Structure formats: structure tokens, C-alpha cells
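Source file: entry-v8.txt. Holds: compact mmCIF, N, CA and C atoms and all ligand atoms.
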# COMPACT_ATOMS: atom_id res chain seq x y z
N MET A 57 -55.08 -2.94 -21.79
CA MET A 57 -53.74 -3.16 -22.36
C MET A 57 -53.87 -3.67 -23.81
N LEU A 58 -54.82 -4.61 -23.99
CA LEU A 58 -55.02 -5.10 -25.34
C LEU A 58 -55.50 -4.00 -26.26
N SER A 59 -56.41 -3.18 -25.73
CA SER A 59 -56.96 -2.13 -26.58
C SER A 59 -55.89 -1.08 -26.88
N ALA A 60 -55.00 -0.82 -25.91
CA ALA A 60 -53.92 0.13 -26.17
C ALA A 60 -53.01 -0.39 -27.27
N THR A 61 -52.74 -1.70 -27.22
CA THR A 61 -51.88 -2.29 -28.26
C THR A 61 -52.56 -2.20 -29.63
N GLY A 62 -53.88 -2.46 -29.64
CA GLY A 62 -54.61 -2.38 -30.89
C GLY A 62 -54.59 -0.96 -31.44
N ASP A 63 -54.77 0.03 -30.57
CA ASP A 63 -54.74 1.41 -31.03
C ASP A 63 -53.38 1.76 -31.61
N ALA A 64 -52.32 1.28 -30.94
CA ALA A 64 -50.97 1.57 -31.43
C ALA A 64 -50.75 0.95 -32.81
N ALA A 65 -51.23 -0.28 -32.97
CA ALA A 65 -51.07 -0.95 -34.26
C ALA A 65 -51.86 -0.22 -35.35
N ALA A 66 -53.08 0.19 -35.01
CA ALA A 66 -53.89 0.90 -35.98
C ALA A 66 -53.24 2.24 -36.33
N GLY A 67 -52.70 2.89 -35.31
CA GLY A 67 -52.04 4.17 -35.56
C GLY A 67 -50.80 3.99 -36.43
N LEU A 68 -50.07 2.92 -36.19
CA LEU A 68 -48.87 2.67 -37.00
C LEU A 68 -49.26 2.37 -38.44
N GLY A 69 -50.31 1.58 -38.61
CA GLY A 69 -50.75 1.27 -39.96
C GLY A 69 -51.18 2.52 -40.70
N LYS A 70 -51.90 3.40 -40.03
CA LYS A 70 -52.33 4.66 -40.64
C LYS A 70 -51.12 5.51 -40.99
N PHE A 71 -50.16 5.55 -40.07
CA PHE A 71 -48.94 6.32 -40.31
C PHE A 71 -48.20 5.80 -41.54
N LEU A 72 -48.05 4.47 -41.62
CA LEU A 72 -47.33 3.89 -42.75
C LEU A 72 -48.06 4.16 -44.06
N CYS A 73 -49.39 4.14 -44.01
CA CYS A 73 -50.17 4.41 -45.21
C CYS A 73 -49.95 5.85 -45.67
N GLU A 74 -49.93 6.77 -44.70
CA GLU A 74 -49.70 8.18 -45.05
C GLU A 74 -48.29 8.37 -45.61
N VAL A 75 -47.32 7.69 -45.01
CA VAL A 75 -45.94 7.80 -45.51
C VAL A 75 -45.85 7.28 -46.94
N GLU A 76 -46.54 6.16 -47.20
CA GLU A 76 -46.51 5.60 -48.55
C GLU A 76 -47.12 6.58 -49.55
N ASN A 77 -48.24 7.19 -49.18
CA ASN A 77 -48.85 8.17 -50.07
C ASN A 77 -47.93 9.35 -50.30
N ASP A 78 -47.29 9.83 -49.22
CA ASP A 78 -46.36 10.95 -49.37
C ASP A 78 -45.22 10.60 -50.30
N LEU A 79 -44.72 9.37 -50.18
CA LEU A 79 -43.61 8.94 -51.03
C LEU A 79 -44.03 8.90 -52.49
N ARG A 80 -45.23 8.41 -52.73
CA ARG A 80 -45.69 8.30 -54.12
C ARG A 80 -45.91 9.69 -54.72
N ILE A 81 -46.44 10.61 -53.90
CA ILE A 81 -46.63 11.98 -54.39
C ILE A 81 -45.28 12.63 -54.66
N ALA A 82 -44.33 12.40 -53.74
CA ALA A 82 -43.00 12.97 -53.92
C ALA A 82 -42.34 12.40 -55.17
N LYS A 83 -42.55 11.10 -55.39
CA LYS A 83 -41.98 10.44 -56.56
C LYS A 83 -42.58 11.04 -57.84
N ALA A 84 -43.88 11.27 -57.83
CA ALA A 84 -44.53 11.83 -59.01
C ALA A 84 -44.07 13.27 -59.25
N THR A 85 -43.92 14.03 -58.16
CA THR A 85 -43.47 15.42 -58.30
C THR A 85 -42.05 15.46 -58.86
N LEU A 86 -41.18 14.61 -58.31
CA LEU A 86 -39.81 14.55 -58.79
C LEU A 86 -39.78 14.09 -60.23
N GLY A 87 -40.57 13.09 -60.55
CA GLY A 87 -40.61 12.58 -61.92
C GLY A 87 -41.05 13.66 -62.90
N GLY A 88 -42.03 14.46 -62.49
CA GLY A 88 -42.48 15.55 -63.35
C GLY A 88 -41.38 16.55 -63.60
N GLU A 89 -40.61 16.83 -62.57
CA GLU A 89 -39.50 17.78 -62.71
C GLU A 89 -38.41 17.21 -63.61
N LEU A 90 -38.31 15.90 -63.66
CA LEU A 90 -37.29 15.25 -64.49
C LEU A 90 -37.79 14.99 -65.90
N GLY A 91 -39.04 15.36 -66.19
CA GLY A 91 -39.53 15.21 -67.55
C GLY A 91 -40.41 14.00 -67.75
N PHE A 92 -40.67 13.23 -66.67
CA PHE A 92 -41.59 12.11 -66.79
C PHE A 92 -43.02 12.60 -66.71
N SER A 93 -43.94 11.76 -67.11
CA SER A 93 -45.36 12.07 -66.98
C SER A 93 -45.95 11.20 -65.89
N TRP A 94 -47.11 11.60 -65.37
CA TRP A 94 -47.78 10.73 -64.43
C TRP A 94 -49.21 10.52 -64.87
N CYS A 95 -49.79 9.41 -64.39
CA CYS A 95 -51.11 9.00 -64.84
C CYS A 95 -52.20 9.93 -64.30
N PRO A 96 -53.06 10.44 -65.15
CA PRO A 96 -54.14 11.31 -64.71
C PRO A 96 -55.28 10.55 -64.04
N ARG A 97 -55.27 9.21 -64.15
CA ARG A 97 -56.37 8.41 -63.60
C ARG A 97 -56.08 7.90 -62.21
N CYS A 98 -54.80 7.86 -61.81
CA CYS A 98 -54.43 7.24 -60.54
C CYS A 98 -54.12 8.27 -59.48
N TRP A 99 -54.48 7.98 -58.25
CA TRP A 99 -54.12 8.80 -57.11
C TRP A 99 -53.79 7.91 -55.93
N PRO A 100 -52.67 8.10 -55.27
CA PRO A 100 -51.64 9.10 -55.62
C PRO A 100 -51.10 8.89 -57.03
N PRO A 101 -50.57 9.94 -57.64
CA PRO A 101 -50.13 9.84 -59.03
C PRO A 101 -49.10 8.75 -59.23
N GLU A 102 -49.23 8.06 -60.35
CA GLU A 102 -48.29 6.99 -60.69
C GLU A 102 -47.52 7.40 -61.94
N LEU A 103 -46.21 7.28 -61.88
CA LEU A 103 -45.40 7.62 -63.06
C LEU A 103 -45.73 6.68 -64.20
N ILE A 104 -45.79 7.21 -65.40
CA ILE A 104 -46.05 6.39 -66.56
C ILE A 104 -44.87 6.49 -67.52
N ALA A 105 -44.62 5.42 -68.19
CA ALA A 105 -43.49 5.35 -69.12
C ALA A 105 -44.00 5.35 -70.55
N THR A 106 -43.14 5.74 -71.46
CA THR A 106 -43.48 5.70 -72.88
C THR A 106 -42.87 4.44 -73.49
N ASP A 107 -43.70 3.65 -74.16
CA ASP A 107 -43.17 2.41 -74.74
C ASP A 107 -42.54 2.69 -76.10
N LEU A 108 -42.12 1.64 -76.77
CA LEU A 108 -41.37 1.80 -78.03
C LEU A 108 -42.21 2.45 -79.12
N ASP A 109 -43.53 2.36 -79.00
CA ASP A 109 -44.41 2.98 -80.00
C ASP A 109 -44.72 4.42 -79.66
N GLY A 110 -44.17 4.91 -78.55
CA GLY A 110 -44.41 6.28 -78.15
C GLY A 110 -45.72 6.48 -77.43
N GLN A 111 -46.34 5.36 -77.00
CA GLN A 111 -47.61 5.45 -76.29
C GLN A 111 -47.37 5.40 -74.79
N LEU A 112 -48.16 6.17 -74.05
CA LEU A 112 -48.03 6.20 -72.60
C LEU A 112 -48.65 4.95 -72.01
N ASN A 113 -47.99 4.39 -71.01
CA ASN A 113 -48.42 3.13 -70.43
C ASN A 113 -48.32 3.20 -68.92
N CYS A 114 -49.47 3.25 -68.24
CA CYS A 114 -49.49 3.29 -66.79
C CYS A 114 -49.36 1.88 -66.23
N PRO A 115 -48.40 1.63 -65.32
CA PRO A 115 -48.22 0.29 -64.77
C PRO A 115 -49.33 -0.12 -63.81
N VAL A 116 -50.13 0.84 -63.35
CA VAL A 116 -51.18 0.52 -62.38
C VAL A 116 -52.50 0.22 -63.08
N CYS A 117 -53.00 1.17 -63.88
CA CYS A 117 -54.31 0.98 -64.49
C CYS A 117 -54.20 0.55 -65.96
N GLY A 118 -53.07 0.85 -66.59
CA GLY A 118 -52.84 0.42 -67.96
C GLY A 118 -53.80 1.01 -68.96
N GLN A 119 -54.49 2.09 -68.56
CA GLN A 119 -55.56 2.62 -69.41
C GLN A 119 -55.05 3.67 -70.38
N VAL A 120 -53.95 4.32 -70.06
CA VAL A 120 -53.53 5.51 -70.81
C VAL A 120 -53.23 5.18 -72.26
N SER A 121 -52.51 4.07 -72.49
CA SER A 121 -52.10 3.74 -73.85
C SER A 121 -53.31 3.47 -74.73
N TYR A 122 -54.33 2.82 -74.17
CA TYR A 122 -55.51 2.49 -74.97
C TYR A 122 -56.24 3.76 -75.37
N GLU A 123 -56.31 4.72 -74.42
CA GLU A 123 -57.02 5.96 -74.72
C GLU A 123 -56.27 6.75 -75.79
N GLN A 124 -54.93 6.75 -75.68
CA GLN A 124 -54.13 7.48 -76.65
C GLN A 124 -54.22 6.84 -78.03
N ALA A 125 -54.35 5.52 -78.08
CA ALA A 125 -54.37 4.81 -79.34
C ALA A 125 -55.69 4.98 -80.07
N ALA A 126 -56.76 5.25 -79.33
CA ALA A 126 -58.10 5.32 -79.92
C ALA A 126 -58.25 6.55 -80.82
ZN ZN B 1 -53.00 4.85 -64.01
Please rewrite the model in this file as C-alpha cells.
Amino acid sequence: MLSATGDAAAGLGKFLCEVENDLRIAKATLGGELGFSWCPRCWPPELIATDLDGQLNCPVCGQVSYEQAA
């Protein structure tokens, strides 16, 4: 019984993780269709915004703006 409960919990956690990944991919796909860009370094893709200087800025890795500025 304990092991069945553990399996169910593990299965639920895996399911939620997959749903989260699907949501992030869907968000990135939708963002691309709306004219946003997504980070080439992150997976699942993370939408990136353009700051006031016109540089791309990823909220997850923050690497894009530095590479663009170099
Ligand atoms: Zn990133």
C-alpha cells in the first residue's frame, strides 16, 4: 500500500513536470507567433524581452544581452 502510494506520487510529479514543460513550449511557440523571441540557450524555451537599449534579456540565464553587447 505504501509503495502504491509512492508510485502514484512519483507518477503525479512526473506528470506535472511534463505539463509544465508542455506549457513552457506552448508559451514559447505562441510568443514566437506574436513576434516575441525566445532564448536559444534555455530549454524548454524561455521568452526573452528587449530592454530599453534594444538588447535581448533572458530572465532565466541572463546571458543573451551580454553576448549581444560584446
Ligand atoms: Zn536563457
Within 8 Å of range 92-109 of chain A using only N, CA and C atoms, minus same-chain residues under 2 positions, as a PyMOL selection string
chain A and resi 76-78+80-90+111-117+120
If DSSP is run on the backbone, what residues of chain A are helix (DSSP H, G or I)? A reply as a PyMOL selection string would be ideal.
chain A and resi 58-89+120-125
Which centre and edge lengths in Å to one decimal define the box along x, y and z that fits every listed atom of range 68-74 of chain A plus 6 Å per side, as JSON?
{"center_x": -49.8, "center_y": 4.8, "center_z": -40.9, "size_x": 17.0, "size_y": 19.1, "size_z": 21.5}
Could you jot down the atom C of Leu79 in chain A to atom N of Gly67 in chain A separation for me, Å, one decimal place?
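These two atoms are separated by 20.2 Å.
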Report the residues of chain A whose backbone DSSP state falls under strand (DSSP E), written as number ranges by chain.
A: 93-94, 103-106, 112-113
Top pick for closest residue to ligand ZN 1 (chain B), considering A:Gly118, A:Val75, A:Ala65, A:Gly110 and counting only N, CA and C atoms and all ligand atoms:
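Looking at the shortest contact to ligand ZN 1 (chain B), the residue is A:Gly118.
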